[in-house]
>>> print(open('model-v8.cif').read())   # mmCIF, C-alpha atoms and all ligand atoms
data_start
loop_
_atom_site.label_atom_id
_atom_site.label_comp_id
_atom_site.auth_asym_id
_atom_site.auth_seq_id
_atom_site.Cartn_x
_atom_site.Cartn_y
_atom_site.Cartn_z
CA MET Y 1455 -33.50 -13.43 -129.01
CA SER Y 1456 -35.44 -15.62 -131.43
CA GLU Y 1457 -38.12 -14.13 -133.70
CA PRO Y 1458 -41.15 -15.94 -135.08
CA VAL Y 1459 -40.67 -16.95 -138.70
CA GLY Y 1460 -42.92 -18.41 -141.37
CA GLU Y 1461 -46.23 -17.35 -142.84
CA SER Y 1462 -48.26 -18.07 -139.73
CA ALA Y 1463 -46.07 -15.74 -137.73
CA ALA Y 1464 -47.06 -12.73 -139.82
CA ALA Y 1465 -48.81 -10.05 -137.78
CA GLY Y 1466 -52.28 -11.23 -136.82
CA ALA Y 1467 -52.05 -14.54 -138.70
CA VAL Y 1468 -53.57 -17.69 -137.23
CA HIS Y 1469 -52.61 -21.09 -138.64
CA VAL Y 1470 -54.92 -24.03 -137.92
CA ARG Y 1471 -54.55 -27.62 -139.12
CA ALA Y 1472 -57.45 -30.11 -139.34
CA PRO Y 1473 -57.42 -33.78 -140.36
CA GLY Y 1474 -59.16 -35.78 -143.05
CA LYS Y 1475 -61.00 -38.90 -141.92
CA ILE Y 1476 -61.73 -42.41 -143.00
CA ASN Y 1477 -64.80 -44.41 -142.04
CA LEU Y 1478 -63.79 -47.76 -140.55
CA VAL Y 1479 -67.45 -48.76 -140.42
CA LEU Y 1480 -70.27 -47.09 -142.35
CA LYS Y 1481 -73.75 -48.55 -142.04
CA VAL Y 1482 -76.63 -46.90 -143.83
CA GLY Y 1483 -80.36 -47.10 -143.13
CA PRO Y 1484 -83.20 -46.43 -145.56
CA VAL Y 1485 -83.89 -42.81 -146.39
CA SER Y 1486 -86.20 -41.09 -143.89
CA GLU Y 1487 -88.95 -38.54 -144.54
CA ASP Y 1488 -86.57 -35.59 -144.22
CA GLY Y 1489 -84.53 -36.99 -147.12
CA TYR Y 1490 -81.55 -38.07 -145.04
CA HIS Y 1491 -80.19 -41.55 -144.45
CA PRO Y 1492 -79.59 -42.55 -140.83
CA LEU Y 1493 -76.00 -43.66 -140.34
CA ALA Y 1494 -73.98 -45.66 -137.87
CA THR Y 1495 -70.31 -45.00 -138.46
CA VAL Y 1496 -66.87 -45.09 -136.91
CA PHE Y 1497 -64.73 -42.14 -137.91
CA GLN Y 1498 -61.00 -42.17 -137.50
CA ALA Y 1499 -58.91 -39.10 -138.30
CA VAL Y 1500 -55.79 -39.74 -140.39
CA SER Y 1501 -52.46 -37.96 -140.72
CA LEU Y 1502 -53.47 -36.10 -143.87
CA TYR Y 1503 -54.22 -32.50 -143.02
CA GLU Y 1504 -55.78 -29.34 -144.35
CA ASP Y 1505 -53.95 -26.13 -143.41
CA VAL Y 1506 -55.88 -22.91 -143.04
CA ILE Y 1507 -54.13 -19.59 -142.39
CA ALA Y 1508 -56.43 -16.75 -141.37
CA THR Y 1509 -55.37 -13.11 -141.73
CA PRO Y 1510 -57.38 -9.92 -141.24
CA ALA Y 1511 -59.26 -8.64 -144.32
CA GLU Y 1512 -62.16 -6.35 -145.17
CA GLU Y 1513 -64.47 -9.17 -146.34
CA ILE Y 1514 -64.45 -12.94 -146.11
CA GLU Y 1515 -62.04 -14.08 -148.84
CA ILE Y 1516 -60.82 -17.54 -149.79
CA SER Y 1517 -57.77 -18.73 -151.69
CA VAL Y 1518 -56.94 -22.38 -152.26
CA THR Y 1519 -53.68 -24.13 -153.13
CA GLY Y 1520 -52.53 -27.75 -152.96
CA ARG Y 1521 -54.05 -31.06 -154.06
CA GLN Y 1522 -56.95 -30.65 -156.54
CA ALA Y 1523 -57.15 -26.96 -155.64
CA ARG Y 1524 -58.69 -26.12 -159.00
CA GLN Y 1525 -61.74 -28.27 -158.16
CA VAL Y 1526 -62.51 -26.25 -155.04
CA PRO Y 1527 -64.77 -23.16 -155.15
CA THR Y 1528 -63.43 -19.89 -153.72
CA ASP Y 1529 -66.82 -18.16 -153.43
CA GLU Y 1530 -69.48 -18.25 -150.67
CA SER Y 1531 -70.11 -21.92 -151.40
CA ASN Y 1532 -66.71 -22.89 -150.01
CA LEU Y 1533 -67.34 -24.57 -146.66
CA ALA Y 1534 -64.61 -22.48 -145.00
CA HIS Y 1535 -66.34 -19.30 -146.23
CA ARG Y 1536 -69.63 -20.56 -144.82
CA ALA Y 1537 -67.91 -21.35 -141.52
CA ALA Y 1538 -66.49 -17.84 -141.18
CA ALA Y 1539 -69.84 -16.26 -142.11
CA LEU Y 1540 -71.69 -18.45 -139.61
CA LEU Y 1541 -69.29 -17.59 -136.79
CA ALA Y 1542 -69.59 -13.87 -137.59
CA GLU Y 1543 -73.37 -14.11 -137.58
CA ALA Y 1544 -73.54 -16.18 -134.39
CA THR Y 1545 -71.27 -13.81 -132.47
CA GLY Y 1546 -72.56 -10.56 -134.00
CA ILE Y 1547 -69.10 -9.67 -135.28
CA SER Y 1548 -68.68 -7.73 -138.50
CA ARG Y 1549 -65.08 -8.52 -139.37
CA GLY Y 1550 -63.53 -9.94 -142.51
CA VAL Y 1551 -60.88 -12.60 -142.91
CA HIS Y 1552 -58.67 -13.97 -145.62
CA LEU Y 1553 -58.58 -17.77 -145.40
CA GLN Y 1554 -55.65 -19.35 -147.23
CA ILE Y 1555 -56.44 -23.06 -147.58
CA THR Y 1556 -53.76 -25.59 -148.45
CA LYS Y 1557 -55.43 -28.84 -149.44
CA ASN Y 1558 -53.94 -32.27 -148.86
CA VAL Y 1559 -57.16 -34.21 -148.40
CA PRO Y 1560 -58.67 -35.20 -151.75
CA THR Y 1561 -61.67 -33.19 -152.96
CA ALA Y 1562 -64.96 -35.09 -153.10
CA GLY Y 1563 -62.94 -38.13 -152.02
CA GLY Y 1564 -65.07 -39.32 -149.10
CA MET Y 1565 -62.46 -38.10 -146.62
CA GLY Y 1566 -64.22 -34.97 -145.40
CA GLY Y 1567 -61.73 -32.47 -146.82
CA GLY Y 1568 -64.25 -29.64 -147.08
CA SER Y 1569 -65.42 -30.43 -143.56
CA ALA Y 1570 -61.84 -30.21 -142.30
CA ASP Y 1571 -61.53 -26.78 -143.96
CA ALA Y 1572 -64.75 -25.67 -142.26
CA ALA Y 1573 -63.60 -26.90 -138.84
CA ALA Y 1574 -60.20 -25.24 -139.29
CA ALA Y 1575 -61.84 -21.99 -140.44
CA LEU Y 1576 -64.15 -21.94 -137.40
CA LEU Y 1577 -61.25 -22.33 -134.99
CA ALA Y 1578 -58.96 -19.92 -136.91
CA CYS Y 1579 -61.60 -17.17 -137.06
CA ASP Y 1580 -62.53 -17.72 -133.41
CA LEU Y 1581 -58.87 -17.09 -132.51
CA LEU Y 1582 -58.30 -14.25 -135.01
CA TRP Y 1583 -61.48 -12.40 -134.05
CA GLU Y 1584 -61.04 -13.29 -130.36
CA THR Y 1585 -64.64 -14.43 -130.14
CA GLY Y 1586 -63.55 -16.93 -127.50
CA LEU Y 1587 -66.17 -19.61 -128.06
CA ALA Y 1588 -65.87 -22.83 -126.08
CA ARG Y 1589 -65.11 -25.99 -128.07
CA GLU Y 1590 -68.67 -27.13 -127.36
CA GLU Y 1591 -70.12 -23.96 -128.90
CA LEU Y 1592 -67.86 -24.36 -131.93
CA GLY Y 1593 -69.18 -27.93 -132.14
CA HIS Y 1594 -72.77 -26.66 -132.39
CA LEU Y 1595 -71.83 -24.30 -135.21
CA ALA Y 1596 -69.87 -27.13 -136.87
CA ALA Y 1597 -72.98 -29.33 -136.89
CA GLU Y 1598 -74.90 -26.57 -138.71
CA LEU Y 1599 -72.26 -26.57 -141.45
CA GLY Y 1600 -72.32 -30.27 -142.23
CA ALA Y 1601 -72.52 -33.73 -140.73
CA ASP Y 1602 -68.75 -34.37 -140.88
CA VAL Y 1603 -67.62 -30.98 -139.54
CA PRO Y 1604 -67.97 -31.74 -135.79
CA PHE Y 1605 -65.69 -34.75 -136.18
CA ALA Y 1606 -62.99 -32.68 -137.92
CA LEU Y 1607 -62.97 -30.48 -134.80
CA THR Y 1608 -62.52 -33.37 -132.38
CA GLY Y 1609 -60.47 -35.81 -134.48
CA GLN Y 1610 -59.18 -39.10 -133.01
CA THR Y 1611 -61.83 -41.86 -133.11
CA ALA Y 1612 -65.58 -41.45 -132.71
CA LEU Y 1613 -68.86 -43.18 -133.28
CA GLY Y 1614 -71.25 -41.16 -135.41
CA ARG Y 1615 -75.01 -41.61 -135.41
CA GLY Y 1616 -77.92 -39.71 -136.91
CA ARG Y 1617 -76.50 -38.05 -139.99
CA GLY Y 1618 -73.04 -38.83 -138.65
CA ASP Y 1619 -72.99 -35.67 -136.53
CA GLU Y 1620 -74.10 -37.20 -133.20
CA LEU Y 1621 -70.64 -38.04 -131.97
CA THR Y 1622 -69.44 -40.22 -129.13
CA PRO Y 1623 -65.68 -40.48 -128.60
CA ALA Y 1624 -64.43 -44.05 -128.92
CA LEU Y 1625 -61.41 -45.65 -127.30
CA ALA Y 1626 -58.71 -46.85 -129.66
CA ARG Y 1627 -55.26 -48.07 -128.78
CA GLY Y 1628 -52.08 -47.90 -130.82
CA ARG Y 1629 -51.48 -46.58 -134.30
CA PHE Y 1630 -52.85 -48.04 -137.51
CA HIS Y 1631 -51.01 -47.88 -140.84
CA TRP Y 1632 -52.98 -47.23 -144.01
CA VAL Y 1633 -52.37 -46.97 -147.71
CA LEU Y 1634 -54.77 -44.56 -149.38
CA ALA Y 1635 -55.63 -45.03 -153.06
CA LEU Y 1636 -56.79 -41.62 -154.37
CA SER Y 1637 -58.71 -40.68 -157.50
CA GLU Y 1638 -58.27 -37.40 -159.33
CA GLU Y 1639 -62.00 -37.28 -160.07
CA GLY Y 1640 -64.24 -37.31 -157.00
CA LEU Y 1641 -67.69 -38.77 -156.42
CA SER Y 1642 -70.69 -36.69 -155.41
CA THR Y 1643 -72.01 -37.82 -152.02
CA PRO Y 1644 -75.71 -37.26 -152.97
CA GLU Y 1645 -75.20 -39.28 -156.17
CA VAL Y 1646 -73.70 -42.19 -154.25
CA PHE Y 1647 -76.62 -42.21 -151.79
CA ALA Y 1648 -79.06 -42.07 -154.73
CA ALA Y 1649 -77.29 -45.05 -156.32
CA TRP Y 1650 -77.48 -46.88 -152.97
CA ASP Y 1651 -81.26 -46.17 -152.81
CA ALA Y 1652 -81.64 -47.70 -156.28
CA LEU Y 1653 -79.71 -50.90 -155.50
CA PRO Y 1654 -82.02 -53.92 -155.60
CA ALA Y 1655 -82.87 -55.36 -152.18
CA ALA Y 1656 -81.58 -58.86 -151.55
CA GLY Y 1657 -85.17 -60.12 -151.36
CA PRO Y 1658 -88.56 -59.41 -149.79
CA GLU Y 1659 -87.63 -61.47 -146.76
CA ASP Y 1660 -84.47 -59.42 -146.36
CA VAL Y 1661 -84.75 -57.72 -142.97
CA PRO Y 1662 -82.28 -54.84 -142.60
CA ALA Y 1663 -79.68 -55.44 -139.90
CA PRO Y 1664 -79.95 -53.11 -136.88
CA LEU Y 1665 -78.18 -49.85 -137.52
CA GLU Y 1666 -75.45 -50.04 -134.93
CA VAL Y 1667 -71.73 -50.47 -134.54
CA GLY Y 1668 -71.07 -53.87 -133.03
CA GLU Y 1669 -69.12 -54.67 -129.88
CA ASP Y 1670 -66.60 -56.54 -132.08
CA VAL Y 1671 -65.65 -53.20 -133.67
CA MET Y 1672 -65.12 -51.53 -130.30
CA GLN Y 1673 -62.98 -54.45 -129.13
CA ALA Y 1674 -60.91 -54.40 -132.31
CA LEU Y 1675 -60.23 -50.69 -131.79
CA VAL Y 1676 -59.22 -51.17 -128.17
CA SER Y 1677 -56.97 -54.12 -129.05
CA GLY Y 1678 -54.85 -51.95 -131.34
CA ASP Y 1679 -54.41 -55.10 -133.44
CA PRO Y 1680 -54.67 -54.36 -137.18
CA HIS Y 1681 -55.54 -58.01 -137.89
CA ARG Y 1682 -58.63 -57.70 -135.69
CA LEU Y 1683 -59.55 -54.33 -137.14
CA ALA Y 1684 -59.26 -55.76 -140.65
CA GLY Y 1685 -62.03 -58.22 -139.82
CA VAL Y 1686 -64.60 -55.53 -139.00
CA LEU Y 1687 -64.04 -52.91 -141.74
CA VAL Y 1688 -67.26 -52.40 -143.71
CA ASN Y 1689 -68.92 -49.74 -145.85
CA ASP Y 1690 -72.53 -50.20 -146.98
CA LEU Y 1691 -71.99 -47.58 -149.70
CA ALA Y 1692 -69.20 -49.58 -151.38
CA ALA Y 1693 -71.46 -51.28 -153.93
CA ALA Y 1694 -73.02 -47.96 -154.93
CA ALA Y 1695 -69.60 -46.28 -155.24
CA GLU Y 1696 -68.35 -49.22 -157.32
CA GLN Y 1697 -71.36 -49.03 -159.58
CA LEU Y 1698 -70.69 -45.37 -160.30
CA ARG Y 1699 -66.93 -45.84 -160.48
CA PRO Y 1700 -65.82 -49.40 -161.35
CA ALA Y 1701 -62.20 -48.42 -160.57
CA VAL Y 1702 -63.17 -48.48 -156.88
CA GLY Y 1703 -63.71 -52.24 -157.10
CA THR Y 1704 -60.33 -52.65 -158.80
CA MET Y 1705 -58.57 -50.64 -156.10
CA LEU Y 1706 -60.23 -52.69 -153.33
CA ALA Y 1707 -59.24 -56.00 -154.93
CA ASP Y 1708 -55.71 -54.88 -155.88
CA ALA Y 1709 -55.02 -53.64 -152.35
CA VAL Y 1710 -55.76 -57.07 -150.88
CA ASP Y 1711 -53.85 -58.78 -153.71
CA VAL Y 1712 -50.69 -56.88 -152.84
CA GLY Y 1713 -50.84 -57.67 -149.12
CA ALA Y 1714 -53.31 -55.35 -147.37
CA LEU Y 1715 -55.09 -57.03 -144.45
CA ALA Y 1716 -58.35 -55.54 -145.77
CA ALA Y 1717 -59.47 -52.54 -147.79
CA VAL Y 1718 -62.52 -50.33 -147.40
CA VAL Y 1719 -64.11 -47.44 -149.26
CA SER Y 1720 -63.98 -44.24 -147.22
CA GLY Y 1721 -67.29 -42.41 -146.86
CA SER Y 1722 -68.98 -42.13 -150.24
CA GLY Y 1723 -65.68 -42.82 -152.01
CA PRO Y 1724 -63.88 -43.01 -154.28
CA THR Y 1725 -60.90 -43.10 -151.88
CA VAL Y 1726 -59.96 -46.62 -150.83
CA ALA Y 1727 -58.18 -47.16 -147.50
CA ALA Y 1728 -56.08 -50.31 -147.27
CA LEU Y 1729 -54.99 -51.48 -143.82
CA ALA Y 1730 -51.40 -52.67 -143.42
CA PRO Y 1731 -49.96 -54.73 -140.56
CA ASP Y 1732 -47.21 -52.16 -139.92
CA HIS Y 1733 -45.38 -49.20 -141.42
CA ALA Y 1734 -42.88 -51.24 -143.46
CA ALA Y 1735 -45.71 -53.28 -144.99
CA ALA Y 1736 -47.63 -50.07 -145.76
CA LEU Y 1737 -44.65 -48.78 -147.75
CA GLU Y 1738 -44.45 -52.07 -149.68
CA ILE Y 1739 -48.18 -52.13 -150.38
CA ALA Y 1740 -48.03 -48.53 -151.56
CA GLY Y 1741 -45.19 -49.36 -153.96
CA ALA Y 1742 -47.06 -52.36 -155.33
CA LEU Y 1743 -50.26 -50.35 -155.82
CA ARG Y 1744 -48.34 -47.61 -157.63
CA ALA Y 1745 -46.88 -50.28 -159.93
CA LYS Y 1746 -50.39 -51.55 -160.70
CA GLN Y 1747 -51.45 -48.01 -161.65
CA CYS Y 1748 -54.97 -48.63 -160.35
CA ALA Y 1749 -55.09 -45.29 -158.50
CA ASP Y 1750 -54.16 -41.74 -159.52
CA GLU Y 1751 -52.15 -41.29 -156.34
CA VAL Y 1752 -51.10 -43.54 -153.46
CA LEU Y 1753 -50.28 -42.23 -149.96
CA VAL Y 1754 -49.20 -43.79 -146.68
CA VAL Y 1755 -50.85 -42.37 -143.54
CA THR Y 1756 -51.47 -43.33 -139.92
CA SER Y 1757 -54.48 -43.08 -137.64
CA PRO Y 1758 -55.79 -41.82 -135.30
CA ALA Y 1759 -54.86 -38.14 -135.62
CA PRO Y 1760 -55.80 -35.07 -133.56
CA GLY Y 1761 -58.66 -32.73 -134.47
CA ALA Y 1762 -58.44 -29.09 -135.55
CA ARG Y 1763 -55.66 -27.35 -133.66
CA LEU Y 1764 -53.54 -24.22 -133.67
CA VAL Y 1765 -50.14 -24.60 -135.32
CA GLU Y 1766 -47.66 -22.63 -133.28
CA PRO Y 1767 -45.47 -20.29 -135.29
CA VAL Y 1768 -42.11 -21.86 -136.08
CA ARG Y 1769 -39.42 -20.17 -134.07
CA GLU Y 1770 -35.80 -19.89 -135.06
CA SER Y 1771 -33.49 -21.80 -132.75
CA SER Y 1772 -31.03 -19.36 -131.24
P1 LIG Y 1801 -67.82 -35.98 -147.34
O1 LIG Y 1801 -67.06 -37.23 -147.17
O2 LIG Y 1801 -67.81 -35.08 -146.13
O3 LIG Y 1801 -69.18 -36.14 -147.94
P2 LIG Y 1801 -65.98 -35.36 -149.43
O4 LIG Y 1801 -64.70 -35.52 -148.70
O5 LIG Y 1801 -66.38 -36.46 -150.35
O6 LIG Y 1801 -67.11 -35.06 -148.40
P3 LIG Y 1801 -65.33 -32.63 -149.99
O7 LIG Y 1801 -63.95 -32.58 -150.53
O8 LIG Y 1801 -65.50 -32.27 -148.57
O9 LIG Y 1801 -65.95 -34.05 -150.28
O10 LIG Y 1801 -66.24 -31.66 -150.88
C1 LIG Y 1801 -67.35 -32.03 -151.63
C2 LIG Y 1801 -67.73 -30.87 -152.55
O11 LIG Y 1801 -67.92 -29.68 -151.77
C3 LIG Y 1801 -66.67 -30.54 -153.58
O12 LIG Y 1801 -66.98 -31.15 -154.79
C4 LIG Y 1801 -66.67 -29.03 -153.68
O13 LIG Y 1801 -67.36 -28.59 -154.82
C5 LIG Y 1801 -67.43 -28.53 -152.46
N1 LIG Y 1801 -66.60 -27.75 -151.52
C6 LIG Y 1801 -66.98 -26.70 -150.85
N2 LIG Y 1801 -65.99 -26.24 -150.04
C7 LIG Y 1801 -64.96 -27.06 -150.20
C8 LIG Y 1801 -63.66 -27.10 -149.64
N3 LIG Y 1801 -63.24 -26.21 -148.75
N4 LIG Y 1801 -62.86 -28.12 -150.01
C9 LIG Y 1801 -63.29 -29.06 -150.89
N5 LIG Y 1801 -64.50 -29.02 -151.48
C10 LIG Y 1801 -65.34 -28.04 -151.14
#
>>> encode(input="model-v8.cif", output="structure tokens")
Amino acid sequence: MSEPVGESAAAGAVHVRAPGKINLVLKVGPVSEDGYHPLATVFQAVSLYEDVIATPAEEIEISVTGRQARQVPTDESNLAHRAAALLAEATGISRGVHLQITKNVPTAGGMGGGSADAAAALLACDLLWETGLAREELGHLAAELGADVPFALTGQTALGRGRGDELTPALARGRFHWVLALSEEGLSTPEVFAAWDALPAAGPEDVPAPLEVGEDVMQALVSGDPHRLAGVLVNDLAAAAEQLRPAVGTMLADAVDVGALAAVVSGSGPTVAALAPDHAAALEIAGALRAKQCADEVLVVTSPAPGARLVEPVRESS
């Protein structure tokens, strides 16, 4: 008879995996009275995942390993800690949990890594504590934790409005191939928005475009054609991210120089996502970008990817 093996098969351990995201389109409106910027965005989850293993403990405890782990807090400010505390409060449960986070998504990279940890922690604690919340209820808690957390639960492709948390699933066909140019040092999302606020307007007659995702974007997604998708990639925050971090502009230009169909800043940056026509081209583009040494790390990923989900324990083949 085969026995479960691996960390997640330890007694009472729950292993959940949640994806990072890129923004294929990110349009930003002027700051409103509540201090937030209205957004119109298209999220797509990518095959770069955060792993969270939850085990019983007296209190809520966090440990972090993996990419840029030293930049991530392990106290109550960690988004996964906040997620566990919120679930406990919402369900009236007084249980602890140890959350072991393995990071792959860059920290403060504009790819929603902390949000993925929060989504994974919500699902892992729900399963460990047997609180049995419906996905929809987890989604409500996710929205309380941060604008990008609901998307990390659902994954795939979605339109985001409001602060990015009003999600509508979007239809996308096929698989897209990306080269991600990562930076060791992240960018603070509030600082990027502040820099965007301070950018000079194009002129007094400049009327802001309506804050919506165009039909051309939806058609490009449904076509599954990377050449069409390349034509609609846009991020209004790019100029602000470039101003704070000139290397972002270099990465964008270099990616296109070495054969990407287009390149876009993800979220508030500094990660740059370069779209390749296919997997072989993505590998070539990645090699060429590494040779240019414009990024601290270069990865090849695909999209779309599934949202937060339970990783079944690995079983020995008999
Ligand atoms: P977004 O695109 O959602 O604005 P991001 O991907 O740019 O976010 P994150 O990696 O999610 O950035 O984290 C931003 C900040 O939040 C970090 O600088 C870190 O101090 C803090 N933080 C809290 N919890 C986490 C976590 N679990 N992982 C990473 N950062 C976290």
>>> residues_near_ligand(input="model-v8.cif", ligand="ligand LIG 1801 (chain Y)", cutoff="8 Å", atoms="only C-alpha atoms and all ligand atoms", output="PyMOL selection string")
chain Y and resi 1474+1525-1528+1531-1535+1555+1557+1559-1572+1600-1603+1640-1643+1720-1723
>>> atom_distance(input="model-v8.cif", atom1="atom CA of Asp1580 of chain Y", atom2="atom CA of Val1765 of chain Y")
14.3 Å
>>> residues_around(input="model-v8.cif", residues="Leu1683 of chain Y", least_positions_apart="5", cutoff="10 Å", atoms="all atoms listed in the file", output="PyMOL selection string")
chain Y and resi 1478+1630+1670-1678+1715-1716+1729
>>> closest_residue(input="model-v8.cif", among="Y:Asp1505, Y:Ala1542, Y:Glu1696, Y:Ala1635", to="Ala1574 of chain Y", atoms="all atoms listed in the file")
Y:Asp1505
>>> closest_residue(input="model-v8.cif", among="Y:Arg1744, Y:Arg1536, Y:Arg1524, Y:His1681", to="Leu1553 of chain Y", atoms="all atoms listed in the file")
Y:Arg1536
>>> atom_distance(input="model-v8.cif", atom1="atom CA of Thr1585 of chain Y", atom2="atom CA of Phe1605 of chain Y")
21.2 Å
>>> residues_around(input="model-v8.cif", residues="Thr1556 of chain Y", least_positions_apart="5", cutoff="10 Å", atoms="all atoms listed in the file", output="PyMOL selection string")
chain Y and resi 1471+1503-1507+1517-1521+1523+1571
>>> residues_around(input="model-v8.cif", residues="Ala1759 of chain Y", least_positions_apart="5", cutoff="6 Å", atoms="all atoms listed in the file", output="list in words")
Ala1499, Val1500, Ser1501 and Gln1610 of chain Y
>>> closest_residue(input="model-v8.cif", among="Y:Thr1495, Y:Ile1476, Y:Thr1509, Y:Pro1604", to="Ala1537 of chain Y", atoms="only C-alpha atoms")
Y:Pro1604
>>> closest_residue(input="model-v8.cif", among="Y:Ile1516, Y:Val1702, Y:Ala1728, Y:Ala1573", to="Ala1597 of chain Y", atoms="only C-alpha atoms")
Y:Ala1573
>>> atom_distance(input="model-v8.cif", atom1="atom CA of Asn1477 of chain Y", atom2="atom CA of Ala1762 of chain Y")
17.8 Å
>>> axis_aligned_box(input="model-v8.cif", around="segment 1730-1743 of chain Y", padding_each_side="5 Å", output="JSON")
{"center_x": -47.1, "center_y": -51.6, "center_z": -147.9, "size_x": 18.5, "size_y": 16.2, "size_z": 25.9}
>>> closest_residue(input="model-v8.cif", among="Y:Val1482, Y:Ile1514, Y:Ala1472, Y:Val1754", to="Arg1617 of chain Y", atoms="only C-alpha atoms")
Y:Val1482
>>> closest_residue(input="model-v8.cif", among="Y:Glu1638, Y:Glu1766, Y:Glu1512, Y:Glu1590", to="Glu1751 of chain Y", atoms="all atoms listed in the file")
Y:Glu1638
>>> residues_around(input="model-v8.cif", residues="Asp1690 of chain Y", least_positions_apart="6", cutoff="9 Å", atoms="only C-alpha atoms", output="PyMOL selection string")
chain Y and resi 1479-1482+1650
>>> write_last_selection(input="model-v8.cif", atoms="C-alpha atoms", output="CSV table (one decimal), in the frame of the given file")
chain,number,residue,atom,x,y,z
Y,1479,VAL,CA,-67.4,-48.8,-140.4
Y,1480,LEU,CA,-70.3,-47.1,-142.4
Y,1481,LYS,CA,-73.8,-48.6,-142.0
Y,1482,VAL,CA,-76.6,-46.9,-143.8
Y,1650,TRP,CA,-77.5,-46.9,-153.0
>>> residues_near_point(input="model-v8.cif", point="(-70.1, -30.5, -131.4)", cutoff="12 Å", atoms="all atoms listed in the file", output="VMD selection string")
chain Y and resid 1573 1588 to 1609 1612 1614 1618 to 1623
>>> residues_around(input="model-v8.cif", residues="Val1710 of chain Y", least_positions_apart="2", cutoff="12 Å", atoms="only C-alpha atoms", output="VMD selection string")
chain Y and resid 1633 1684 1703 to 1708 1712 to 1718 1726 to 1730 1736 1739 to 1740 1742 to 1743
